[in-house]
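Everything below belongs to work.pdb, which stores PDB, C-alpha atoms.
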ATOM      1  CA  MET A 897      79.364  47.017 170.417
ATOM      2  CA  THR A 898      79.666  43.853 168.354
ATOM      3  CA  VAL A 899      76.663  42.136 166.829
ATOM      4  CA  VAL A 900      77.122  39.022 168.991
ATOM      5  CA  LEU A 901      77.402  40.973 172.253
ATOM      6  CA  TRP A 902      74.440  43.151 171.364
ATOM      7  CA  SER A 903      72.339  40.077 170.510
ATOM      8  CA  ILE A 904      73.295  38.345 173.773
ATOM      9  CA  ARG A 905      72.259  41.427 175.737
ATOM     10  CA  ARG A 906      68.916  41.487 173.978
ATOM     11  CA  MET A 907      68.291  37.801 174.643
ATOM     12  CA  LEU A 908      69.218  38.105 178.317
ATOM     13  CA  ALA A 909      66.924  41.114 178.645
ATOM     14  CA  ALA A 910      64.103  39.119 177.034
ATOM     15  CA  LEU A 911      64.714  36.218 179.432
ATOM     16  CA  ALA A 912      64.658  38.545 182.454
ATOM     17  CA  THR A 913      61.439  40.112 181.160
ATOM     18  CA  LEU A 914      59.874  36.673 180.774
ATOM     19  CA  VAL A 915      60.762  35.743 184.363
ATOM     20  CA  GLY A 916      59.248  39.003 185.612
ATOM     21  CA  VAL A 917      56.110  38.411 183.560
ATOM     22  CA  SER A 918      55.705  34.914 185.008
ATOM     23  CA  VAL A 919      55.883  36.309 188.552
ATOM     24  CA  LEU A 920      53.306  38.987 187.745
ATOM     25  CA  ILE A 921      50.987  36.427 186.157
ATOM     26  CA  PHE A 922      51.250  34.115 189.151
ATOM     27  CA  ALA A 923      50.577  36.948 191.613
ATOM     28  CA  SER A 924      47.725  38.434 189.572
ATOM     29  CA  VAL A 925      45.908  35.115 189.265
ATOM     30  CA  ARG A 926      46.097  34.587 193.018
ATOM     31  CA  LEU A 927      44.654  38.079 193.599
ATOM     32  CA  MET A 928      41.621  37.488 191.378
ATOM     33  CA  PRO A 929      38.336  37.956 193.268
ATOM     34  CA  GLY A 930      36.150  34.949 193.928
ATOM     35  CA  ASP A 931      36.791  31.392 195.005
ATOM     36  CA  TYR A 932      36.989  28.585 192.493
ATOM     37  CA  THR A 933      35.815  26.081 195.125
ATOM     38  CA  ASP A 934      32.376  27.717 194.927
ATOM     39  CA  LEU A 935      32.278  26.831 191.241
ATOM     40  CA  VAL A 936      33.624  23.319 191.719
ATOM     41  CA  LEU A 937      31.745  22.265 194.862
ATOM     42  CA  GLY A 938      28.885  24.730 194.990
ATOM     43  CA  PRO A 939      27.911  27.103 197.808
ATOM     44  CA  LEU A 940      26.633  24.292 200.062
ATOM     45  CA  ALA A 941      29.989  22.476 200.347
ATOM     46  CA  THR A 942      31.392  21.980 203.827
ATOM     47  CA  GLU A 943      34.666  23.463 204.997
ATOM     48  CA  ALA A 944      36.205  19.988 205.030
ATOM     49  CA  GLN A 945      35.287  19.483 201.386
ATOM     50  CA  ARG A 946      36.702  22.885 200.473
ATOM     51  CA  ALA A 947      39.921  22.181 202.339
ATOM     52  CA  GLN A 948      40.262  18.848 200.549
ATOM     53  CA  ALA A 949      39.752  20.501 197.140
ATOM     54  CA  VAL A 950      42.332  23.194 197.924
ATOM     55  CA  ALA A 951      44.856  20.587 199.085
ATOM     56  CA  ALA A 952      44.276  18.459 195.986
ATOM     57  CA  SER A 953      45.073  21.429 193.745
ATOM     58  CA  GLY A 954      48.148  22.412 195.757
ATOM     59  CA  LEU A 955      46.762  25.826 196.699
ATOM     60  CA  ASP A 956      47.464  25.183 200.374
ATOM     61  CA  LEU A 957      51.229  25.276 199.796
ATOM     62  CA  PRO A 958      53.304  28.425 200.414
ATOM     63  CA  LEU A 959      53.187  30.788 197.437
ATOM     64  CA  PRO A 960      56.909  30.480 196.572
ATOM     65  CA  GLU A 961      56.563  26.693 196.471
ATOM     66  CA  GLN A 962      53.457  26.956 194.293
ATOM     67  CA  TYR A 963      55.339  29.220 191.883
ATOM     68  CA  LEU A 964      58.392  26.957 191.665
ATOM     69  CA  ARG A 965      56.209  23.871 191.113
ATOM     70  CA  TRP A 966      54.342  25.666 188.348
ATOM     71  CA  ILE A 967      57.468  26.943 186.568
ATOM     72  CA  GLY A 968      59.160  23.558 186.975
ATOM     73  CA  GLY A 969      56.198  21.909 185.281
ATOM     74  CA  VAL A 970      56.195  24.488 182.473
ATOM     75  CA  LEU A 971      59.893  23.902 181.787
ATOM     76  CA  THR A 972      59.342  20.134 181.582
ATOM     77  CA  GLY A 973      56.211  20.393 179.447
ATOM     78  CA  ASP A 974      53.814  19.460 182.256
ATOM     79  CA  LEU A 975      51.211  22.224 182.533
ATOM     80  CA  GLY A 976      49.237  20.381 185.183
ATOM     81  CA  TYR A 977      45.490  19.885 185.273
ATOM     82  CA  SER A 978      42.453  22.092 185.228
ATOM     83  CA  PHE A 979      41.442  22.876 188.813
ATOM     84  CA  VAL A 980      37.781  22.644 187.804
ATOM     85  CA  SER A 981      37.474  19.793 185.292
ATOM     86  CA  ASN A 982      40.693  17.927 186.196
ATOM     87  CA  VAL A 983      41.541  17.659 182.476
ATOM     88  CA  SER A 984      45.179  17.889 181.369
ATOM     89  CA  VAL A 985      46.006  21.472 180.379
ATOM     90  CA  THR A 986      48.777  20.183 178.112
ATOM     91  CA  ASP A 987      46.298  18.059 176.152
ATOM     92  CA  GLU A 988      43.855  20.949 175.851
ATOM     93  CA  PHE A 989      46.595  23.280 174.629
ATOM     94  CA  ALA A 990      47.747  20.678 172.101
ATOM     95  CA  ALA A 991      44.208  20.489 170.695
ATOM     96  CA  ARG A 992      43.379  24.210 170.762
ATOM     97  CA  LEU A 993      46.646  25.996 170.023
ATOM     98  CA  PRO A 994      46.881  24.767 166.384
ATOM     99  CA  VAL A 995      43.424  26.225 165.721
ATOM    100  CA  THR A 996      44.353  29.679 166.987
ATOM    101  CA  ALA A 997      47.792  29.456 165.342
ATOM    102  CA  THR A 998      46.159  28.637 162.003
ATOM    103  CA  ILE A 999      43.844  31.636 162.271
ATOM    104  CA  ALA A1000      46.752  33.886 163.228
ATOM    105  CA  ALA A1001      49.086  32.586 160.498
ATOM    106  CA  ILE A1002      46.560  32.997 157.672
ATOM    107  CA  THR A1003      45.582  36.415 158.987
ATOM    108  CA  VAL A1004      49.234  37.515 158.949
ATOM    109  CA  VAL A1005      49.684  36.277 155.365
ATOM    110  CA  VAL A1006      46.548  38.122 154.221
ATOM    111  CA  THR A1007      47.698  41.225 156.077
ATOM    112  CA  LEU A1008      51.118  41.198 154.418
ATOM    113  CA  LEU A1009      49.710  40.576 150.934
ATOM    114  CA  ILE A1010      47.145  43.375 151.174
ATOM    115  CA  GLY A1011      48.248  45.804 153.881
ATOM    116  CA  ILE A1012      51.815  46.537 152.735
ATOM    117  CA  PRO A1013      50.990  47.092 149.018
ATOM    118  CA  LEU A1014      47.981  49.208 150.029
ATOM    119  CA  GLY A1015      50.193  51.337 152.267
ATOM    120  CA  PHE A1016      52.793  51.793 149.523
ATOM    121  CA  VAL A1017      50.174  52.814 146.975
ATOM    122  CA  SER A1018      48.592  55.193 149.460
ATOM    123  CA  ALA A1019      51.990  56.832 150.128
ATOM    124  CA  LEU A1020      53.295  56.972 146.554
ATOM    125  CA  ARG A1021      49.997  58.348 145.263
ATOM    126  CA  ALA A1022      49.174  60.451 148.321
ATOM    127  CA  GLU A1023      47.855  63.349 146.258
ATOM    128  CA  ARG A1024      45.707  61.213 143.977
ATOM    129  CA  SER A1025      42.445  59.323 144.344
ATOM    130  CA  ALA A1026      44.273  56.054 145.075
ATOM    131  CA  GLY A1027      45.935  57.644 148.098
ATOM    132  CA  ALA A1028      42.624  58.982 149.372
ATOM    133  CA  ALA A1029      40.987  55.586 148.894
ATOM    134  CA  GLY A1030      43.797  53.907 150.824
ATOM    135  CA  ARG A1031      43.421  56.347 153.705
ATOM    136  CA  LEU A1032      39.652  55.800 153.763
ATOM    137  CA  VAL A1033      39.997  52.012 153.816
ATOM    138  CA  SER A1034      42.542  52.217 156.629
ATOM    139  CA  ALA A1035      40.385  54.549 158.691
ATOM    140  CA  LEU A1036      37.309  52.353 158.308
ATOM    141  CA  GLY A1037      39.206  49.170 159.123
ATOM    142  CA  ILE A1038      40.670  50.641 162.288
ATOM    143  CA  SER A1039      37.373  52.189 163.419
ATOM    144  CA  VAL A1040      35.019  49.200 163.074
ATOM    145  CA  PRO A1041      35.039  47.020 166.249
ATOM    146  CA  GLU A1042      35.613  43.313 165.779
ATOM    147  CA  PHE A1043      32.364  42.287 167.497
ATOM    148  CA  LEU A1044      30.339  44.582 165.223
ATOM    149  CA  LEU A1045      32.002  43.340 162.048
ATOM    150  CA  ALA A1046      31.601  39.734 163.209
ATOM    151  CA  GLY A1047      27.898  40.263 163.851
ATOM    152  CA  LEU A1048      27.395  41.897 160.454
ATOM    153  CA  LEU A1049      29.173  39.046 158.696
ATOM    154  CA  VAL A1050      27.098  36.431 160.507
ATOM    155  CA  PHE A1051      23.924  38.262 159.494
ATOM    156  CA  ALA A1052      25.064  38.684 155.885
ATOM    157  CA  VAL A1053      26.163  35.074 155.454
ATOM    158  CA  SER A1054      23.006  33.728 157.084
ATOM    159  CA  THR A1055      20.768  35.978 154.998
ATOM    160  CA  LEU A1056      22.471  35.556 151.630
ATOM    161  CA  GLY A1057      23.199  31.840 152.015
ATOM    162  CA  LEU A1058      26.767  32.019 150.741
ATOM    163  CA  GLY A1059      27.580  28.473 151.830
ATOM    164  CA  ILE A1060      30.145  29.525 154.435
ATOM    165  CA  SER A1061      30.089  27.645 157.734
ATOM    166  CA  VAL A1062      28.946  29.705 160.719
ATOM    167  CA  GLY A1063      29.348  28.084 164.120
ATOM    168  CA  GLN A1064      29.829  24.639 162.551
ATOM    169  CA  TYR A1065      33.403  23.873 163.506
ATOM    170  CA  SER A1066      35.016  20.585 162.530
ATOM    171  CA  SER A1067      38.545  19.469 163.332
ATOM    172  CA  PHE A1068      41.124  19.163 160.560
ATOM    173  CA  ALA A1069      41.424  15.420 161.114
ATOM    174  CA  ASP A1070      37.676  14.878 160.693
ATOM    175  CA  ASP A1071      37.029  17.165 157.713
ATOM    176  CA  PRO A1072      39.844  19.432 156.396
ATOM    177  CA  ALA A1073      37.538  21.338 154.031
ATOM    178  CA  ARG A1074      35.015  22.078 156.753
ATOM    179  CA  PHE A1075      37.836  22.990 159.160
ATOM    180  CA  PHE A1076      39.162  25.737 156.891
ATOM    181  CA  GLY A1077      35.623  26.759 155.951
ATOM    182  CA  SER A1078      34.789  27.394 159.607
ATOM    183  CA  LEU A1079      37.844  29.664 159.891
ATOM    184  CA  VAL A1080      37.031  31.889 156.906
ATOM    185  CA  LEU A1081      34.877  34.406 158.767
ATOM    186  CA  PRO A1082      37.155  34.697 161.837
ATOM    187  CA  ILE A1083      40.099  35.329 159.506
ATOM    188  CA  VAL A1084      38.135  37.959 157.571
ATOM    189  CA  VAL A1085      37.183  39.780 160.767
ATOM    190  CA  LEU A1086      40.737  39.824 162.093
ATOM    191  CA  SER A1087      42.264  40.668 158.715
ATOM    192  CA  VAL A1088      40.206  43.824 158.280
ATOM    193  CA  GLY A1089      41.686  45.503 161.341
ATOM    194  CA  CYS A1090      45.193  44.132 160.768
ATOM    195  CA  VAL A1091      45.282  45.220 157.122
ATOM    196  CA  ALA A1092      44.132  48.690 158.127
ATOM    197  CA  VAL A1093      46.817  49.032 160.815
ATOM    198  CA  VAL A1094      49.626  47.751 158.586
ATOM    199  CA  ALA A1095      48.515  49.886 155.646
ATOM    200  CA  ARG A1096      48.404  53.015 157.820
ATOM    201  CA  ASN A1097      51.838  52.361 159.340
ATOM    202  CA  THR A1098      53.342  51.415 155.963
ATOM    203  CA  ARG A1099      52.044  54.637 154.458
ATOM    204  CA  ASP A1100      53.502  56.714 157.296
ATOM    205  CA  ALA A1101      56.853  54.882 157.119
ATOM    206  CA  VAL A1102      57.156  55.359 153.350
ATOM    207  CA  LEU A1103      56.165  59.032 153.537
ATOM    208  CA  ASN A1104      58.792  59.622 156.233
ATOM    209  CA  VAL A1105      61.468  58.071 154.013
ATOM    210  CA  LEU A1106      60.385  59.952 150.893
ATOM    211  CA  VAL A1107      61.160  63.324 152.502
ATOM    212  CA  GLU A1108      64.675  62.277 153.547
ATOM    213  CA  PRO A1109      67.505  64.301 151.915
ATOM    214  CA  HIS A1110      69.117  61.270 150.246
ATOM    215  CA  VAL A1111      65.818  60.398 148.546
ATOM    216  CA  GLN A1112      65.354  63.976 147.376
ATOM    217  CA  ALA A1113      68.916  63.896 146.043
ATOM    218  CA  SER A1114      68.110  60.713 144.111
ATOM    219  CA  VAL A1115      65.119  62.405 142.559
ATOM    220  CA  ALA A1116      67.280  65.397 141.621
ATOM    221  CA  ARG A1117      69.791  63.072 139.947
ATOM    222  CA  GLY A1118      67.009  61.776 137.733
ATOM    223  CA  GLU A1119      66.893  58.222 139.075
ATOM    224  CA  THR A1120      63.772  56.240 138.178
ATOM    225  CA  PRO A1121      60.990  55.809 140.746
ATOM    226  CA  MET A1122      61.468  52.027 140.866
ATOM    227  CA  PHE A1123      65.205  52.444 141.488
ATOM    228  CA  ILE A1124      64.496  54.862 144.328
ATOM    229  CA  ILE A1125      61.928  52.525 145.878
ATOM    230  CA  ARG A1126      64.191  49.468 145.666
ATOM    231  CA  HIS A1127      67.411  51.101 146.843
ATOM    232  CA  HIS A1128      66.241  53.801 149.230
ATOM    233  CA  VAL A1129      62.646  53.353 150.352
ATOM    234  CA  LEU A1130      62.228  49.622 150.965
ATOM    235  CA  ARG A1131      65.125  49.113 153.367
ATOM    236  CA  ASN A1132      64.573  52.313 155.353
ATOM    237  CA  ALA A1133      60.829  51.770 155.684
ATOM    238  CA  ALA A1134      61.198  48.074 156.520
ATOM    239  CA  VAL A1135      62.014  48.501 160.222
ATOM    240  CA  PRO A1136      58.809  50.315 161.328
ATOM    241  CA  ILE A1137      56.734  48.016 159.123
ATOM    242  CA  LEU A1138      58.399  44.938 160.608
ATOM    243  CA  THR A1139      57.804  46.277 164.113
ATOM    244  CA  ILE A1140      54.059  46.684 163.654
ATOM    245  CA  VAL A1141      53.747  43.294 161.906
ATOM    246  CA  GLY A1142      55.618  41.642 164.780
ATOM    247  CA  ALA A1143      53.276  43.261 167.299
ATOM    248  CA  LEU A1144      50.249  42.009 165.354
ATOM    249  CA  VAL A1145      51.627  38.457 165.285
ATOM    250  CA  ALA A1146      51.980  38.486 169.066
ATOM    251  CA  VAL A1147      48.572  40.046 169.657
ATOM    252  CA  LEU A1148      46.742  37.676 167.305
ATOM    253  CA  LEU A1149      47.673  34.569 169.292
ATOM    254  CA  GLY A1150      46.048  36.032 172.385
ATOM    255  CA  GLY A1151      43.534  38.380 170.853
ATOM    256  CA  THR A1152      41.145  35.988 169.156
ATOM    257  CA  VAL A1153      38.721  35.779 172.086
ATOM    258  CA  ILE A1154      35.913  37.717 170.408
ATOM    259  CA  VAL A1155      35.974  35.982 167.030
ATOM    260  CA  GLU A1156      36.371  32.519 168.527
ATOM    261  CA  SER A1157      33.399  33.148 170.806
ATOM    262  CA  VAL A1158      31.182  34.595 168.067
ATOM    263  CA  PHE A1159      31.959  31.869 165.545
ATOM    264  CA  ASN A1160      32.125  28.988 168.059
ATOM    265  CA  VAL A1161      35.745  28.097 167.293
ATOM    266  CA  PRO A1162      37.423  26.042 170.056
ATOM    267  CA  GLY A1163      40.743  27.875 170.133
ATOM    268  CA  MET A1164      42.909  29.353 172.870
ATOM    269  CA  GLY A1165      40.931  32.579 173.127
ATOM    270  CA  SER A1166      37.583  30.969 173.941
ATOM    271  CA  TYR A1167      39.363  28.484 176.237
ATOM    272  CA  LEU A1168      40.905  31.301 178.258
ATOM    273  CA  GLN A1169      37.613  33.176 178.416
ATOM    274  CA  THR A1170      35.888  30.121 179.911
ATOM    275  CA  ALA A1171      38.723  29.617 182.395
ATOM    276  CA  LEU A1172      38.483  33.237 183.579
ATOM    277  CA  GLY A1173      34.796  32.806 184.306
ATOM    278  CA  ARG A1174      35.511  29.656 186.332
ATOM    279  CA  ARG A1175      38.568  31.042 188.216
ATOM    280  CA  ASP A1176      40.538  28.086 186.868
ATOM    281  CA  TYR A1177      44.082  29.035 187.901
ATOM    282  CA  GLY A1178      45.663  26.026 186.204
ATOM    283  CA  ILE A1179      44.478  27.211 182.791
ATOM    284  CA  ILE A1180      44.674  30.979 183.244
ATOM    285  CA  GLN A1181      48.285  31.259 184.330
ATOM    286  CA  ASN A1182      49.524  28.883 181.616
ATOM    287  CA  ALA A1183      47.499  30.531 178.831
ATOM    288  CA  VAL A1184      48.564  34.046 179.824
ATOM    289  CA  LEU A1185      52.191  32.938 180.171
ATOM    290  CA  LEU A1186      52.018  31.448 176.674
ATOM    291  CA  ALA A1187      50.684  34.727 175.278
ATOM    292  CA  GLY A1188      53.362  36.682 177.129
ATOM    293  CA  THR A1189      56.092  34.342 175.872
ATOM    294  CA  VAL A1190      54.922  34.703 172.280
ATOM    295  CA  PHE A1191      54.884  38.479 172.623
ATOM    296  CA  ILE A1192      58.391  38.644 174.139
ATOM    297  CA  VAL A1193      59.919  36.164 171.685
ATOM    298  CA  THR A1194      58.308  37.952 168.737
ATOM    299  CA  ALA A1195      59.634  41.297 169.972
ATOM    300  CA  LEU A1196      63.109  39.773 170.321
ATOM    301  CA  VAL A1197      63.023  38.339 166.789
ATOM    302  CA  VAL A1198      61.838  41.670 165.395
ATOM    303  CA  ASP A1199      64.625  43.421 167.294
ATOM    304  CA  LEU A1200      67.288  41.082 165.921
ATOM    305  CA  VAL A1201      65.979  41.237 162.349
ATOM    306  CA  SER A1202      65.639  45.037 162.520
ATOM    307  CA  ASN A1203      69.260  45.251 163.640
ATOM    308  CA  ALA A1204      70.301  43.105 160.680
ATOM    309  CA  ILE A1205      68.436  45.455 158.342
ATOM    310  CA  ASP A1206      69.715  48.643 159.988
ATOM    311  CA  PRO A1207      72.837  48.162 162.180
ATOM    312  CA  ARG A1208      72.541  51.772 163.356
ATOM    313  CA  LEU A1209      69.859  50.607 165.790
ATOM    314  CA  ARG A1210      72.603  49.121 168.002
ATOM    315  CA  LEU A1211      73.739  52.648 168.731
ATOM    316  CA  THR A1212      70.383  53.761 170.110
ATOM    317  CA  GLY A1213      68.324  52.923 173.168
ATOM    318  CA  GLY A1214      69.512  49.847 175.040
ATOM    319  CA  GLY A1215      72.300  49.292 172.533
ATOM    320  CA  ARG A1216      74.077  52.634 173.079
ATOM    321  CA  ARG A1217      77.773  52.266 173.536
TER     322      ARG A1217
END
Same coordinates, now as structure tokens:
Amino acid sequence: MTVVLWSIRRMLAALATLVGVSVLIFASVRLMPGDYTDLVLGPLATEAQRAQAVAASGLDLPLPEQYLRWIGGVLTGDLGYSFVSNVSVTDEFAARLPVTATIAAITVVVTLLIGIPLGFVSALRAERSAGAAGRLVSALGISVPEFLLAGLLVFAVSTLGLGISVGQYSSFADDPARFFGSLVLPIVVLSVGCVAVVARNTRDAVLNVLVEPHVQASVARGETPMFIIRHHVLRNAAVPILTIVGALVAVLLGGTVIVESVFNVPGMGSYLQTALGRRDYGIIQNAVLLAGTVFIVTALVVDLVSNAIDPRLRLTGGGRR
């Protein structure tokens, strides 16, 4: 199977998955318990008022027509309006998405700079104290829940007076320094778990490569450790490391609910949490579709890059000839 044909198959599969995800999101939102008209109009609203609110939001249309109108708006960049506040969802996303994206991007950079070297050191010095320390750090990072770490950091910063902003968010346009200062603690909380996961998976990937026959043969030939790492370990361990990093990138854009709520950061996570409590279909289905799209696109990019690193992957799984 040629590279072009294999890539086209992967992209078509991703597109089909995205369509299926959109249908599931639309159906799931409509099956949510509760009635948003109770939140908008209150329990004392008349049936006529409820019917008018439902008609104004388009919820009285047949479900297929509702779905097509929604997807048509998404494809043209019109995400509609909040069913509760009647505020443009597109405008809200434009204001909130950069905040969450900034947190996610910096967290990924920190994770790569710390997690991968820590995993390599832990693997290459597995029998020494450095390897044991790396395993301990990874275990602790994975075990500590985000809400607990966030609470501890808030307590520590408030008690010690370190000068870091807690719950005092400011937009980048108003005060760039304060904007980044308000993101320090959320990034720290997210980075701890991400670094631990990447370090653990990097260690496992490197250890799996080190026991391969061609690596053992290189050692027997007397090649230097750095030569072995550069020519044998890095490329073969890159695919599993890239896979876990890609998964973290996708999860971070939709998994910041806890830290954004604790630290009062107006990003996509806290926005979605509020919408869920208000049964605001207009926000929920667009936010979840965005998260699903990021996850699918990230998985596709990782798949394509992994194939470029190791073309043998085309011969396995969905790429078998």
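Picked by the PyMOL selection byres ((chain A and resi 962-967) around 10) from the coordinates shown: A:Val915, A:Ser918, A:Val919, A:Phe922, A:Ala923, A:Gly954, A:Leu955, A:Asp956, A:Leu957, A:Pro958, A:Leu959, A:Pro960, A:Glu961, A:Gly968, A:Gly969, A:Val970, A:Leu971, A:Thr972, A:Gly973, A:Asp974, A:Leu975, A:Gly976, A:Gly1178, A:Gln1181, A:Asn1182.
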- Quick one: of A:Leu1049, A:Ser953, A:Arg1174, A:Arg946, who's nearest to Phe979 in chain A, counting all atoms listed in the file?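 Ranked by minimum distance to Phe979 in chain A, first place goes to A:Ser953.
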- Distance criterion (only C-alpha atoms): nearest to Arg926 in chain A out of A:Ile1180, A:Val983, A:Leu993, A:Ala1052: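 Of A:Ile1180, A:Val983, A:Leu993, A:Ala1052, the one nearest Arg926 in chain A, counting only C-alpha atoms, is A:Ile1180.
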- Item | Selection result of the PyMOL selection byres ((chain A and resi 1002-1004) around 8) on this file, as a VMD selection string | chain A and resid 998 to 1001 1005 to 1008 1083 to 1084 1086 to 1087 1090 1141 1144 to 1145
Save the residues we just selected, C-alpha atoms, as a PDB file, in the coordinates of the input?
ATOM      1  CA  THR A 998      46.159  28.637 162.003  1.00  0.00           C
ATOM      2  CA  ILE A 999      43.844  31.636 162.271  1.00  0.00           C
ATOM      3  CA  ALA A1000      46.752  33.886 163.228  1.00  0.00           C
ATOM      4  CA  ALA A1001      49.086  32.586 160.498  1.00  0.00           C
ATOM      5  CA  VAL A1005      49.684  36.277 155.365  1.00  0.00           C
ATOM      6  CA  VAL A1006      46.548  38.122 154.221  1.00  0.00           C
ATOM      7  CA  THR A1007      47.698  41.225 156.077  1.00  0.00           C
ATOM      8  CA  LEU A1008      51.118  41.198 154.418  1.00  0.00           C
ATOM      9  CA  ILE A1083      40.099  35.329 159.506  1.00  0.00           C
ATOM     10  CA  VAL A1084      38.135  37.959 157.571  1.00  0.00           C
ATOM     11  CA  LEU A1086      40.737  39.824 162.093  1.00  0.00           C
ATOM     12  CA  SER A1087      42.264  40.668 158.715  1.00  0.00           C
ATOM     13  CA  CYS A1090      45.193  44.132 160.768  1.00  0.00           C
ATOM     14  CA  VAL A1141      53.747  43.294 161.906  1.00  0.00           C
ATOM     15  CA  LEU A1144      50.249  42.009 165.354  1.00  0.00           C
ATOM     16  CA  VAL A1145      51.627  38.457 165.285  1.00  0.00           C
TER      17      VAL A1145
END
- Neighbours of point (68.4, 43.5, 157.3) within 10 Å, using all atoms listed in the file, written as a list in words: Arg1131, Asn1132, Ala1134, Val1135, Leu1200, Val1201, Ser1202, Asn1203, Ala1204, Ile1205, Asp1206 and Pro1207 of chain A
- Message: Every residue with an atom at most 12 Å from (70.8, 41.5, 176.3) (file coordinates; all atoms listed in the file) is what I'm after, so could you write them as JSON, numbers by chain?
- Response: {"A": [897, 899, 900, 901, 902, 903, 904, 905, 906, 907, 908, 909, 910, 911, 912, 913, 1196, 1199, 1200, 1210, 1214, 1215]}
- Item | Among the residues A:Phe1191, A:Asp1100, A:Ala1171, A:Val1198, the one that comes closest to Val925 in chain A [using all atoms listed in the file] | A:Ala1171
- Message: Quick check, in Å to one decimal: how far apart do CA of Arg1074 in chain A and CA of Thr996 in chain A lie?
- Response: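 Atom-to-atom, CA of Arg1074 in chain A to CA of Thr996 in chain A, that is 15.8 Å.
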- Record the distance separating CA of Phe1159 in chain A and CA of Glu1042 in chain A, expressed in Å with one decimal. 12.0 Å
- May I ask which of the residues A:Tyr1167, A:Phe1068, A:Ser1078, A:Val1093 is the closest one to Pro994 in chain A, counting only C-alpha atoms? A:Phe1068
- Message: I need the residue nearest Ser1157 in chain A from this list: A:Ala1183, A:Val980, A:Ile1010, A:Ala1046. Use all atoms listed in the file for the distance.
- Response: A:Ala1046
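Counting all atoms listed in the file, the residue from A:Val995, A:Val1129, A:Leu914, A:Leu1172 that sits nearest to Ser1066 in chain A is A:Val995.
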